[in-house]
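Undergrad: What follows is upload.tsv; its format and atoms are TSV, C-alpha atoms.
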```
chain	number	residue	atom	x	y	z
A	1	MET	CA	-50.18	-14.72	14.73
A	2	VAL	CA	-52.45	-13.34	12.10
A	3	THR	CA	-53.27	-15.61	9.27
A	4	ASN	CA	-54.15	-13.98	6.01
A	5	ALA	CA	-56.13	-16.16	3.74
A	6	GLY	CA	-54.07	-17.42	0.86
A	7	TRP	CA	-50.68	-16.36	2.26
A	8	ILE	CA	-47.97	-18.48	3.85
A	9	VAL	CA	-47.61	-17.70	7.53
A	10	ILE	CA	-44.05	-16.76	8.30
A	11	GLY	CA	-42.99	-14.63	11.20
A	12	ALA	CA	-45.36	-12.39	13.06
A	13	GLU	CA	-47.77	-12.15	10.18
A	14	GLY	CA	-48.03	-13.32	6.64
A	15	LEU	CA	-46.26	-11.97	3.60
A	16	LEU	CA	-47.89	-8.71	2.73
A	17	VAL	CA	-47.72	-7.65	-0.88
A	18	GLY	CA	-47.82	-3.98	0.12
A	19	ASP	CA	-44.71	-4.33	2.28
A	20	MET	CA	-42.92	-6.12	-0.51
A	21	LEU	CA	-43.78	-3.43	-2.98
A	22	ALA	CA	-42.74	-0.74	-0.53
A	23	GLN	CA	-39.42	-2.46	0.11
A	24	LEU	CA	-38.81	-2.95	-3.60
A	25	VAL	CA	-39.57	0.67	-4.43
A	26	PHE	CA	-37.57	2.03	-1.51
A	27	PHE	CA	-34.59	-0.19	-2.21
A	28	ILE	CA	-34.43	0.66	-5.91
A	29	LEU	CA	-34.82	4.33	-5.04
A	30	LEU	CA	-32.08	4.03	-2.45
A	31	LEU	CA	-29.85	2.20	-4.91
A	32	PHE	CA	-30.29	4.96	-7.46
A	33	LEU	CA	-29.94	7.87	-5.05
A	34	LEU	CA	-26.92	6.47	-3.22
A	35	GLY	CA	-25.26	5.60	-6.50
A	36	LYS	CA	-25.73	9.15	-7.66
A	37	PHE	CA	-25.00	11.08	-4.47
A	38	ALA	CA	-22.75	8.86	-2.38
A	39	TRP	CA	-21.00	5.94	-4.07
A	40	GLY	CA	-20.36	7.76	-7.31
A	41	PRO	CA	-18.57	10.77	-5.85
A	42	LEU	CA	-16.80	8.67	-3.24
A	43	MET	CA	-15.48	6.23	-5.80
A	44	ASP	CA	-14.48	9.06	-8.11
A	45	MET	CA	-12.50	10.57	-5.27
A	46	MET	CA	-10.89	7.21	-4.51
A	47	LYS	CA	-9.94	6.79	-8.15
A	48	LYS	CA	-8.55	10.31	-8.22
A	49	ARG	CA	-6.50	9.63	-5.11
A	50	GLU	CA	-5.25	6.39	-6.60
A	51	ASP	CA	-4.09	8.19	-9.73
A	52	HIS	CA	-2.59	10.96	-7.64
A	53	ILE	CA	-0.65	8.50	-5.50
A	54	ALA	CA	0.52	6.61	-8.58
A	55	SER	CA	1.80	9.80	-10.19
A	56	GLU	CA	3.36	10.90	-6.91
A	57	ILE	CA	5.18	7.60	-6.61
A	58	GLU	CA	6.40	7.95	-10.16
A	59	THR	CA	7.65	11.46	-9.51
A	60	ALA	CA	9.30	10.39	-6.30
A	61	GLU	CA	11.02	7.53	-8.10
A	62	LYS	CA	12.25	9.87	-10.78
A	63	SER	CA	13.59	12.44	-8.38
A	64	ARG	CA	15.19	9.72	-6.32
A	65	ASN	CA	17.03	8.47	-9.39
A	66	GLU	CA	18.11	12.00	-10.17
A	67	ALA	CA	19.32	12.54	-6.65
A	68	GLU	CA	21.26	9.31	-6.80
A	69	LYS	CA	22.93	10.36	-10.00
A	70	ALA	CA	23.74	13.79	-8.61
A	71	SER	CA	25.22	12.33	-5.45
A	72	LYS	CA	27.34	9.96	-7.50
A	73	GLU	CA	28.60	12.87	-9.56
A	74	ALA	CA	29.31	14.88	-6.46
A	75	ALA	CA	31.27	12.00	-4.96
A	76	GLU	CA	33.33	11.70	-8.10
A	77	GLU	CA	33.93	15.42	-8.15
A	78	LEU	CA	35.02	15.31	-4.53
A	79	LYS	CA	37.40	12.48	-5.25
A	80	ARG	CA	38.93	14.35	-8.16
A	81	THR	CA	39.27	17.52	-6.16
A	82	ARG	CA	40.92	15.67	-3.34
A	83	GLN	CA	43.45	14.17	-5.72
A	84	GLU	CA	44.14	17.55	-7.18
A	85	ALA	CA	44.63	19.08	-3.77
A	86	HIS	CA	46.95	16.25	-2.86
A	87	SER	CA	49.10	16.80	-5.92
A	88	ILE	CA	49.19	20.54	-5.31
A	89	ILE	CA	50.39	20.03	-1.77
A	90	GLU	CA	52.99	17.57	-2.95
A	91	GLU	CA	54.29	20.01	-5.51
A	92	ALA	CA	54.35	22.84	-3.03
A	93	LYS	CA	56.34	20.67	-0.67
A	94	LYS	CA	58.86	19.93	-3.38
A	95	VAL	CA	59.16	23.58	-4.28
A	96	GLY	CA	59.54	24.48	-0.65
A	97	GLN	CA	62.31	21.95	-0.14
A	98	LYS	CA	64.15	23.24	-3.17
A	99	GLN	CA	63.84	26.82	-2.00
A	100	GLU	CA	65.06	25.86	1.42
A	101	LYS	CA	68.13	24.23	-0.06
A	102	ASP	CA	68.79	27.26	-2.27
A	103	ILE	CA	68.46	29.67	0.61
A	104	ILE	CA	70.82	27.66	2.78
A	105	GLU	CA	73.30	27.38	-0.06
A	106	SER	CA	73.28	31.09	-0.79
A	107	ALA	CA	73.56	31.92	2.92
A	108	ARG	CA	76.57	29.64	3.22
A	109	LYS	CA	78.22	31.28	0.20
A	110	GLU	CA	77.54	34.71	1.62
A	111	ALA	CA	79.02	33.71	4.93
A	112	GLU	CA	82.10	32.31	3.27
A	113	ARG	CA	82.53	35.48	1.26
A	114	LEU	CA	82.20	37.64	4.34
A	115	LYS	CA	84.74	35.47	6.16
A	116	GLU	CA	87.19	35.78	3.33
A	117	THR	CA	86.91	39.55	3.13
A	118	ALA	CA	87.31	39.79	6.89
A	119	GLN	CA	90.46	37.70	6.76
A	120	GLN	CA	91.86	39.83	3.98
A	121	ASP	CA	91.10	42.96	5.98
A	122	ILE	CA	92.86	41.50	9.00
A	123	ILE	CA	95.94	40.66	6.94
A	124	GLN	CA	96.00	44.10	5.40
A	125	GLU	CA	95.68	45.80	8.77
A	126	LYS	CA	98.44	43.66	10.16
A	127	GLU	CA	100.77	44.51	7.32
A	128	LYS	CA	99.92	48.14	7.67
A	129	ALA	CA	100.72	48.01	11.38
A	130	ILE	CA	103.98	46.29	10.78
A	131	GLN	CA	104.85	48.84	8.19
A	132	ALA	CA	104.05	51.65	10.58
A	133	LEU	CA	106.11	50.06	13.32
A	134	GLN	CA	109.01	49.62	11.04
A	135	ASP	CA	108.83	53.29	10.05
A	136	GLN	CA	108.66	54.27	13.70
A	137	VAL	CA	111.62	52.09	14.60
A	138	ALA	CA	113.65	53.66	11.79
A	139	SER	CA	112.90	57.20	12.90
A	140	LEU	CA	113.56	56.26	16.51
A	141	SER	CA	116.92	54.78	15.61
A	142	VAL	CA	117.73	58.00	13.81
A	143	GLN	CA	116.71	60.01	16.84
A	144	ILE	CA	118.64	57.77	19.19
A	145	ALA	CA	121.65	58.09	16.99
A	146	SER	CA	121.43	61.83	16.88
A	147	LYS	CA	121.02	62.01	20.65
A	148	VAL	CA	124.00	59.75	21.15
A	149	ILE	CA	126.01	61.97	18.97
A	150	GLU	CA	124.80	65.10	20.72
A	151	LYS	CA	125.76	63.82	24.13
A	152	GLU	CA	129.00	62.01	24.75
A	153	LEU	CA	128.10	59.18	26.70
A	154	ASN	CA	129.75	56.54	28.62
A	155	ALA	CA	128.71	53.01	28.40
A	156	SER	CA	126.54	53.10	31.49
A	157	ASP	CA	124.91	56.32	30.52
A	158	GLN	CA	124.28	54.94	27.09
A	159	GLU	CA	122.65	51.91	28.43
A	160	LYS	CA	120.62	54.06	30.76
A	161	LEU	CA	119.70	56.26	27.88
A	162	ILE	CA	118.69	53.37	25.65
A	163	ASN	CA	116.57	51.89	28.39
A	164	GLU	CA	115.03	55.29	28.90
A	165	TYR	CA	114.12	55.52	25.25
A	166	ILE	CA	112.91	52.03	25.02
A	167	LYS	CA	110.73	52.73	28.03
A	168	GLU	CA	109.59	55.91	26.35
A	169	VAL	CA	108.75	54.02	23.23
A	170	GLY	CA	106.89	51.41	25.26
A	171	ASP	CA	104.96	54.17	27.02
A	172	LYS	CA	104.14	55.78	23.73
A	173	ARG	CA	102.87	52.65	22.23
B	1	MET	CA	-45.01	-10.58	23.82
B	2	ASP	CA	-47.85	-10.96	21.39
B	3	HIS	CA	-48.03	-7.53	19.91
B	4	GLU	CA	-50.32	-6.89	17.03
B	5	ALA	CA	-48.99	-5.41	13.84
B	6	PRO	CA	-50.54	-2.21	12.46
B	7	ILE	CA	-51.95	-3.74	9.33
B	8	VAL	CA	-54.01	-1.89	6.80
B	9	GLU	CA	-55.90	-4.24	4.53
B	10	ASP	CA	-57.20	-3.83	1.00
B	11	VAL	CA	-55.66	-0.43	0.28
B	12	LEU	CA	-57.41	1.42	-2.52
B	13	GLY	CA	-59.93	-1.38	-2.58
B	14	ILE	CA	-57.42	-3.80	-4.09
B	15	ALA	CA	-57.97	-7.16	-2.45
B	16	TRP	CA	-54.34	-8.30	-2.31
B	17	LEU	CA	-52.76	-5.00	-1.33
B	18	ASP	CA	-52.16	-5.14	2.43
B	19	PHE	CA	-49.66	-2.98	4.26
B	20	ASN	CA	-47.99	-3.46	7.59
B	21	LEU	CA	-47.56	0.20	8.40
B	22	SER	CA	-44.76	-0.49	10.87
B	23	ASN	CA	-42.76	-2.19	8.11
B	24	VAL	CA	-43.35	0.66	5.74
B	25	LEU	CA	-42.33	3.16	8.41
B	26	MET	CA	-39.16	1.26	9.30
B	27	ILE	CA	-38.22	0.75	5.65
B	28	PHE	CA	-38.57	4.47	5.21
B	29	ILE	CA	-36.52	5.25	8.33
B	30	ALA	CA	-33.76	2.78	7.45
B	31	SER	CA	-33.55	4.05	3.87
B	32	THR	CA	-33.47	7.63	5.06
B	33	ILE	CA	-30.70	6.96	7.56
B	34	VAL	CA	-28.61	5.18	4.94
B	35	PHE	CA	-29.21	7.94	2.43
B	36	ILE	CA	-28.29	10.66	4.93
B	37	LEU	CA	-25.15	8.75	5.93
B	38	GLY	CA	-24.23	8.48	2.26
B	39	LEU	CA	-24.87	12.15	1.65
B	40	LEU	CA	-22.89	13.24	4.72
B	41	SER	CA	-19.94	11.05	3.80
B	42	ALA	CA	-19.84	12.43	0.26
B	43	ARG	CA	-20.65	16.01	1.23
B	44	SER	CA	-17.16	17.47	1.46
B	45	LEU	CA	-14.84	15.10	-0.35
B	46	LYS	CA	-11.19	15.55	0.41
B	47	MET	CA	-7.98	14.09	-0.95
B	48	ASN	CA	-6.98	12.96	2.53
B	49	PRO	CA	-10.22	11.69	4.01
B	50	LYS	CA	-11.38	12.25	7.57
B	51	GLY	CA	-14.26	11.03	9.66
B	52	LEU	CA	-17.27	9.73	7.82
B	53	GLN	CA	-15.65	9.91	4.38
B	54	ASN	CA	-12.82	7.79	5.69
B	55	PHE	CA	-15.26	5.26	7.16
B	56	MET	CA	-17.30	5.07	3.95
B	57	GLU	CA	-14.17	4.59	1.91
B	58	TRP	CA	-13.26	1.75	4.22
B	59	VAL	CA	-16.70	0.22	3.61
B	60	ILE	CA	-16.21	0.65	-0.14
B	61	ASP	CA	-12.85	-1.08	0.07
B	62	PHE	CA	-14.40	-3.82	2.15
B	63	VAL	CA	-17.17	-4.48	-0.39
B	64	LYS	CA	-14.58	-4.21	-3.15
B	65	GLY	CA	-12.78	-7.05	-1.38
B	66	ILE	CA	-15.99	-9.12	-1.33
B	67	VAL	CA	-16.59	-8.52	-5.04
B	68	GLY	CA	-12.95	-9.16	-5.87
B	69	ASP	CA	-13.02	-12.43	-3.97
B	70	THR	CA	-15.94	-13.84	-5.94
B	71	MET	CA	-15.33	-12.62	-9.46
B	72	ASP	CA	-12.79	-10.81	-11.52
B	73	TRP	CA	-12.80	-7.08	-10.99
B	74	ASN	CA	-13.66	-6.04	-14.54
B	75	THR	CA	-17.02	-7.82	-14.41
B	76	GLY	CA	-17.46	-7.15	-10.71
B	77	LYS	CA	-17.20	-3.39	-10.62
B	78	THR	CA	-20.72	-3.01	-11.97
B	79	PHE	CA	-22.07	-4.65	-8.83
B	80	LEU	CA	-20.14	-2.55	-6.36
B	81	PRO	CA	-22.95	0.01	-5.82
B	82	LEU	CA	-25.45	-2.84	-5.40
B	83	GLY	CA	-23.26	-4.54	-2.81
B	84	LEU	CA	-22.62	-1.27	-1.00
B	85	THR	CA	-26.30	-0.39	-0.85
B	86	LEU	CA	-27.18	-3.88	0.32
B	87	ILE	CA	-24.59	-4.03	3.09
B	88	THR	CA	-25.31	-0.53	4.43
B	89	TYR	CA	-29.08	-0.85	4.19
B	90	ILE	CA	-29.24	-4.29	5.80
B	91	PHE	CA	-26.78	-3.28	8.51
B	92	VAL	CA	-28.75	-0.16	9.41
B	93	ALA	CA	-32.03	-2.08	9.23
B	94	ASN	CA	-30.65	-4.76	11.57
B	95	MET	CA	-29.37	-2.18	14.03
B	96	LEU	CA	-32.72	-0.38	14.24
B	97	GLY	CA	-34.27	-3.34	16.06
B	98	VAL	CA	-31.29	-3.82	18.34
B	99	VAL	CA	-31.31	-0.24	19.58
B	100	THR	CA	-34.89	-0.39	20.77
B	101	LEU	CA	-38.30	-1.85	20.10
B	102	GLY	CA	-41.23	0.54	20.05
B	103	VAL	CA	-44.75	-0.45	21.01
B	104	TYR	CA	-47.58	2.03	20.60
B	105	GLY	CA	-50.84	0.97	22.10
B	106	ASP	CA	-50.95	-2.72	21.45
B	107	GLU	CA	-49.08	-2.51	18.19
B	108	LEU	CA	-45.39	-3.05	17.52
B	109	TRP	CA	-44.19	-0.05	15.52
B	110	TRP	CA	-40.45	0.25	15.92
B	111	LYS	CA	-38.48	-2.84	14.89
B	112	SER	CA	-36.04	-4.02	12.29
B	113	PRO	CA	-37.60	-4.05	8.84
B	114	THR	CA	-35.44	-7.11	8.22
B	115	SER	CA	-37.31	-9.04	10.93
B	116	ASP	CA	-40.12	-9.48	8.43
B	117	ALA	CA	-39.83	-12.38	6.02
B	118	GLY	CA	-41.67	-10.56	3.26
B	119	ILE	CA	-39.08	-7.80	3.21
B	120	THR	CA	-36.02	-10.04	3.28
B	121	LEU	CA	-37.54	-12.26	0.60
B	122	THR	CA	-38.17	-9.18	-1.51
B	123	LEU	CA	-34.53	-8.26	-1.25
B	124	SER	CA	-33.36	-11.78	-2.03
B	125	THR	CA	-35.77	-12.08	-4.96
B	126	LEU	CA	-34.53	-8.77	-6.31
B	127	VAL	CA	-30.96	-10.02	-6.04
B	128	ILE	CA	-31.71	-13.34	-7.75
B	129	VAL	CA	-33.65	-11.62	-10.52
B	130	LEU	CA	-30.72	-9.26	-11.01
B	131	THR	CA	-28.31	-12.21	-11.28
B	132	HIS	CA	-30.45	-13.66	-14.08
B	133	TYR	CA	-30.69	-10.28	-15.78
B	134	TYR	CA	-26.94	-9.73	-15.71
B	135	GLY	CA	-26.34	-13.37	-16.68
B	136	ILE	CA	-28.36	-12.90	-19.86
B	137	LYS	CA	-26.89	-9.46	-20.50
B	138	ARG	CA	-23.30	-10.54	-20.11
B	139	LYS	CA	-23.31	-13.96	-21.76
B	140	GLY	CA	-26.24	-13.82	-24.12
B	141	LEU	CA	-29.43	-15.84	-23.87
B	142	LYS	CA	-27.94	-18.94	-25.51
B	143	GLU	CA	-24.93	-19.18	-23.25
B	144	TYR	CA	-27.12	-18.39	-20.24
B	145	GLY	CA	-29.51	-21.22	-21.15
B	146	LYS	CA	-26.63	-23.62	-21.69
B	147	ASP	CA	-25.47	-22.98	-18.15
B	148	TYR	CA	-28.48	-24.93	-16.91
B	149	LEU	CA	-27.13	-28.05	-18.64
B	150	ARG	CA	-23.72	-27.78	-17.09
B	151	PRO	CA	-21.84	-29.65	-15.82
B	152	LEU	CA	-24.27	-32.51	-16.67
B	153	PRO	CA	-27.55	-32.19	-18.58
B	154	TYR	CA	-29.59	-34.39	-16.26
B	155	LEU	CA	-28.90	-32.03	-13.36
B	156	LEU	CA	-31.29	-29.54	-14.96
B	157	PRO	CA	-34.10	-30.08	-12.40
B	158	LEU	CA	-31.66	-29.54	-9.56
B	159	LYS	CA	-30.40	-26.38	-11.24
B	160	ILE	CA	-33.91	-25.00	-11.43
B	161	VAL	CA	-34.67	-25.92	-7.83
B	162	GLU	CA	-31.40	-24.30	-6.85
B	163	GLU	CA	-32.59	-20.91	-8.02
B	164	PHE	CA	-35.66	-21.02	-5.78
B	165	ALA	CA	-33.71	-22.53	-2.93
B	166	ASN	CA	-31.16	-19.73	-3.21
B	167	THR	CA	-33.88	-17.11	-3.08
B	168	LEU	CA	-35.54	-18.68	-0.07
B	169	THR	CA	-32.39	-19.34	1.94
B	170	LEU	CA	-30.92	-15.92	1.21
B	171	GLY	CA	-34.04	-14.17	2.46
B	172	LEU	CA	-35.00	-16.48	5.29
B	173	ARG	CA	-31.50	-16.63	6.76
B	174	LEU	CA	-31.50	-12.90	7.29
B	175	PHE	CA	-35.10	-12.86	8.51
B	176	GLY	CA	-34.56	-15.74	10.94
B	177	ASN	CA	-31.49	-14.30	12.56
B	178	ILE	CA	-32.94	-10.86	13.07
B	179	TYR	CA	-36.42	-12.04	14.03
B	180	ALA	CA	-35.04	-14.45	16.65
B	181	GLY	CA	-32.91	-11.69	18.13
B	182	GLU	CA	-35.88	-9.41	18.33
B	183	ILE	CA	-38.14	-11.97	19.96
B	184	LEU	CA	-35.62	-12.53	22.73
B	185	LEU	CA	-35.09	-8.78	23.18
B	186	GLY	CA	-38.85	-8.36	23.38
B	187	LEU	CA	-39.17	-11.13	25.97
B	188	LEU	CA	-36.40	-9.61	28.06
B	189	ALA	CA	-38.00	-6.19	27.81
B	190	GLY	CA	-41.31	-7.66	28.91
B	191	LEU	CA	-39.61	-9.30	31.88
B	192	ALA	CA	-37.86	-6.07	32.80
B	193	THR	CA	-41.15	-4.24	33.19
B	194	THR	CA	-42.48	-6.69	35.80
B	195	GLY	CA	-40.74	-4.92	38.69
B	196	VAL	CA	-37.47	-3.87	40.26
B	197	GLY	CA	-36.25	-7.47	40.53
B	198	GLY	CA	-37.19	-8.17	36.97
B	199	PHE	CA	-35.37	-5.04	35.81
B	200	LEU	CA	-32.19	-5.85	37.70
B	201	GLY	CA	-32.36	-9.51	36.64
B	202	THR	CA	-32.74	-8.73	32.95
B	203	ALA	CA	-30.26	-5.82	32.70
B	204	ILE	CA	-27.20	-7.97	32.15
B	205	PRO	CA	-28.78	-10.53	29.78
B	206	MET	CA	-30.29	-7.61	27.88
B	207	ILE	CA	-26.94	-5.94	27.36
B	208	ALA	CA	-25.34	-9.26	26.44
B	209	TRP	CA	-28.07	-10.08	23.95
B	210	GLN	CA	-27.95	-6.62	22.41
B	211	GLY	CA	-24.22	-7.05	21.93
B	212	PHE	CA	-24.81	-10.42	20.34
B	213	SER	CA	-27.58	-9.03	18.13
B	214	THR	CA	-25.24	-6.28	16.95
B	215	PHE	CA	-22.70	-8.93	16.05
B	216	VAL	CA	-25.34	-11.01	14.28
B	217	GLY	CA	-26.60	-7.92	12.44
B	218	VAL	CA	-23.14	-7.13	11.12
B	219	ILE	CA	-22.47	-10.73	10.15
B	220	GLN	CA	-25.83	-11.13	8.41
B	221	ALA	CA	-25.34	-7.93	6.40
B	222	PHE	CA	-21.93	-9.25	5.36
B	223	ILE	CA	-23.27	-12.72	4.51
B	224	PHE	CA	-26.15	-11.34	2.46
B	225	THR	CA	-23.79	-9.18	0.41
B	226	MET	CA	-21.24	-11.96	0.09
B	227	LEU	CA	-23.83	-14.48	-1.15
B	228	THR	CA	-25.29	-11.92	-3.55
B	229	MET	CA	-21.87	-11.60	-5.13
B	230	VAL	CA	-21.37	-15.37	-5.15
B	231	TYR	CA	-24.69	-15.95	-6.95
B	232	MET	CA	-23.87	-13.10	-9.30
B	233	SER	CA	-20.51	-14.60	-10.15
B	234	HIS	CA	-22.17	-17.96	-10.88
B	235	LYS	CA	-24.30	-16.27	-13.48
B	236	VAL	CA	-21.83	-13.86	-15.07
B	237	GLY	CA	-18.62	-15.85	-14.62
B	238	HIS	CA	-17.20	-17.92	-17.44
B	239	ASP	CA	-15.59	-20.69	-15.46
B	240	HIS	CA	-18.79	-22.65	-14.71
```
Produce structure tokens that represent the structure in this file.

TA:
Amino acid sequence: MVTNAGWIVIGAEGLLVGDMLAQLVFFILLLFLLGKFAWGPLMDMMKKREDHIASEIETAEKSRNEAEKASKEAAEELKRTRQEAHSIIEEAKKVGQKQEKDIIESARKEAERLKETAQQDIIQEKEKAIQALQDQVASLSVQIASKVIEKELNASDQEKLINEYIKEVGDKR
Amino acid sequence: MDHEAPIVEDVLGIAWLDFNLSNVLMIFIASTIVFILGLLSARSLKMNPKGLQNFMEWVIDFVKGIVGDTMDWNTGKTFLPLGLTLITYIFVANMLGVVTLGVYGDELWWKSPTSDAGITLTLSTLVIVLTHYYGIKRKGLKEYGKDYLRPLPYLLPLKIVEEFANTLTLGLRLFGNIYAGEILLGLLAGLATTGVGGFLGTAIPMIAWQGFSTFVGVIQAFIFTMLTMVYMSHKVGHDH
């Protein structure tokens, strides 16, 4: 251990004024230089980032609120639309049922009408046929009568003749 | 382990101006490393930090926490650069002696600058003087003077002693921790050079002690900064 006259002995050697001055000068220089070139810019950047994050958070909050509002509106819109669609379907169903009933009704009427006309036609045809038959029978009777008159017949011949004619008529028909 | 120090006496013919050149060299190296680290970290500042910028911002936040713990942030933000410079400089200075010790000839050149009491006491004196300066600046001379009579007037002698005690303990605590670590590292290194057995025998204790010294270096840098802010808050705070 070196003892310097007049100085307290601490550590390896005494307190040296030169070292102290050097340390003081270097530290103050370092304080100044770092403050200017390192801490200053770094802290500025940190402040800037802080502000940036704050504003970003604000923006995010705002847009979130907007999105919430929009989604609420959309949900309402959807609900309304659904109701509308429901009512439209309901109405369409009603209309459809009514149309169905109408169609069935008109078809039934048409059928009835057709049936009626067909029946009338049948009756007419029948009457016409009867009429024709009657006419035929009349002319036949006249012919039979004339033939009977032409030929003198006995009872058996007459019967034979009538049967013959009747058969003839039946064949004709 | 009795290495001489490279002392130059009576520089420029001034009787009291002695330099320990190793101290001056190590102060210069430590300051340069800290300055370069600072420059590199602030060289390309980005919004989303990476690497060194990220680390330095973490350090800034850490010191901000120290300042915020001891005083309210509006008064404290002035002292943030001081705290940052203190913690980085003392940390780097402490680490320099842990990494290696350099002996040239018979003189110890490479060591921690903080393993010299003169240097740590310079730092602590600077800090205490700054606390008085800011105390007067912030509260005015009258209010500053009144603080010596609080809480009780007859405690004035104790208050005055406290200032010197603070200076001494702040500096000597750092010096003692680092100096003790270095002495043991030096002893181990001396043992290691005695032979193969000595080398093998000291390897593990060496590593363990270096790890411990690193831990102590970090803690001491933190404590020095913390106490600086505590003393500062005593002088500038209003609740005392």

Undergrad: Applying 10 Å and all atoms listed in the file, which residues near stretch 138-140 of chain B remain after dropping the ones on its own chain fewer than 6 positions away? List them as a list in words.

TA: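 Within the cut-off, the hits are Thr75, His132, Asp147, Lys235, Val236, Gly237 and His238 of chain B.
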
Undergrad: Which distance in Å separates atom CA of B:Leu155 and atom CA of B:Thr131, to one decimal?

TA: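 So the two atoms, atom CA of B:Leu155 and atom CA of B:Thr131, lie 19.9 Å apart.
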
Undergrad: Might you pull out every residue within 10 Å of B:Thr125, with all atoms listed in the file counted and same-chain residues fewer than 4 positions away left off, and present them as a PyMOL selection string?

TA: (chain A and resi 24) or (chain B and resi 119-121+129-131+163-164+166-168+170-171)

Undergrad: What is the atom CA of A:Val25-atom CA of A:Met43 distance in Å, reported with one decimal?

TA: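 Separating atom CA of A:Val25 from atom CA of A:Met43 is a distance of 24.8 Å.
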
Undergrad: Please compute the atom CA of B:Ala203-atom CA of B:Ala180 distance, one decimal, in Å.

TA: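 Between atom CA of B:Ala203 and atom CA of B:Ala180 the gap works out to 18.8 Å.
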
Undergrad: At a cut-off of 8 Å, using all atoms listed in the file, what residues contact stretch 28-30 of chain B? Leave out same-chain residues fewer than 6 positions from it and give the result as a PyMOL selection string.

TA: (chain A and resi 26) or (chain B and resi 89+92-93+96+113)

Undergrad: Residues of chain B within 9 Å of chain A, counting all atoms listed in the file - could you list those as a PyMOL selection string?

TA: chain B and resi 2-5+11+16-21+23-24+27-28+31-32+34-35+37-43+45-48+53+56-57+60+80-82+84-86+89+115-123+126+175-176+179

Undergrad: Identify the residues around (-15.7, -18.6, 0.5) within a radius of 10 Å, measuring from only C-alpha atoms in the coordinates stated by the file, and give them as an MDAnalysis selection string.

TA: chainID B and resid 66 69:70 226:227 230

Undergrad: Let me see the file: selected residues, C-alpha atoms, as an mmCIF file, in the frame of the given file.

TA:
```
data_model
loop_
_atom_site.group_PDB
_atom_site.id
_atom_site.type_symbol
_atom_site.label_atom_id
_atom_site.label_comp_id
_atom_site.auth_asym_id
_atom_site.auth_seq_id
_atom_site.Cartn_x
_atom_site.Cartn_y
_atom_site.Cartn_z
ATOM 1 C CA ILE B 66 -15.990 -9.120 -1.330
ATOM 2 C CA ASP B 69 -13.020 -12.430 -3.970
ATOM 3 C CA THR B 70 -15.940 -13.840 -5.940
ATOM 4 C CA MET B 226 -21.240 -11.960 0.090
ATOM 5 C CA LEU B 227 -23.830 -14.480 -1.150
ATOM 6 C CA VAL B 230 -21.370 -15.370 -5.150
#
```

Undergrad: Under the rule that all atoms listed in the file are counted, which of B:Met232, B:Leu185, B:Val216, B:Met26 is the nearest residue to B:Gly135?

TA: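 Result for the nearest residue to B:Gly135: B:Met232.
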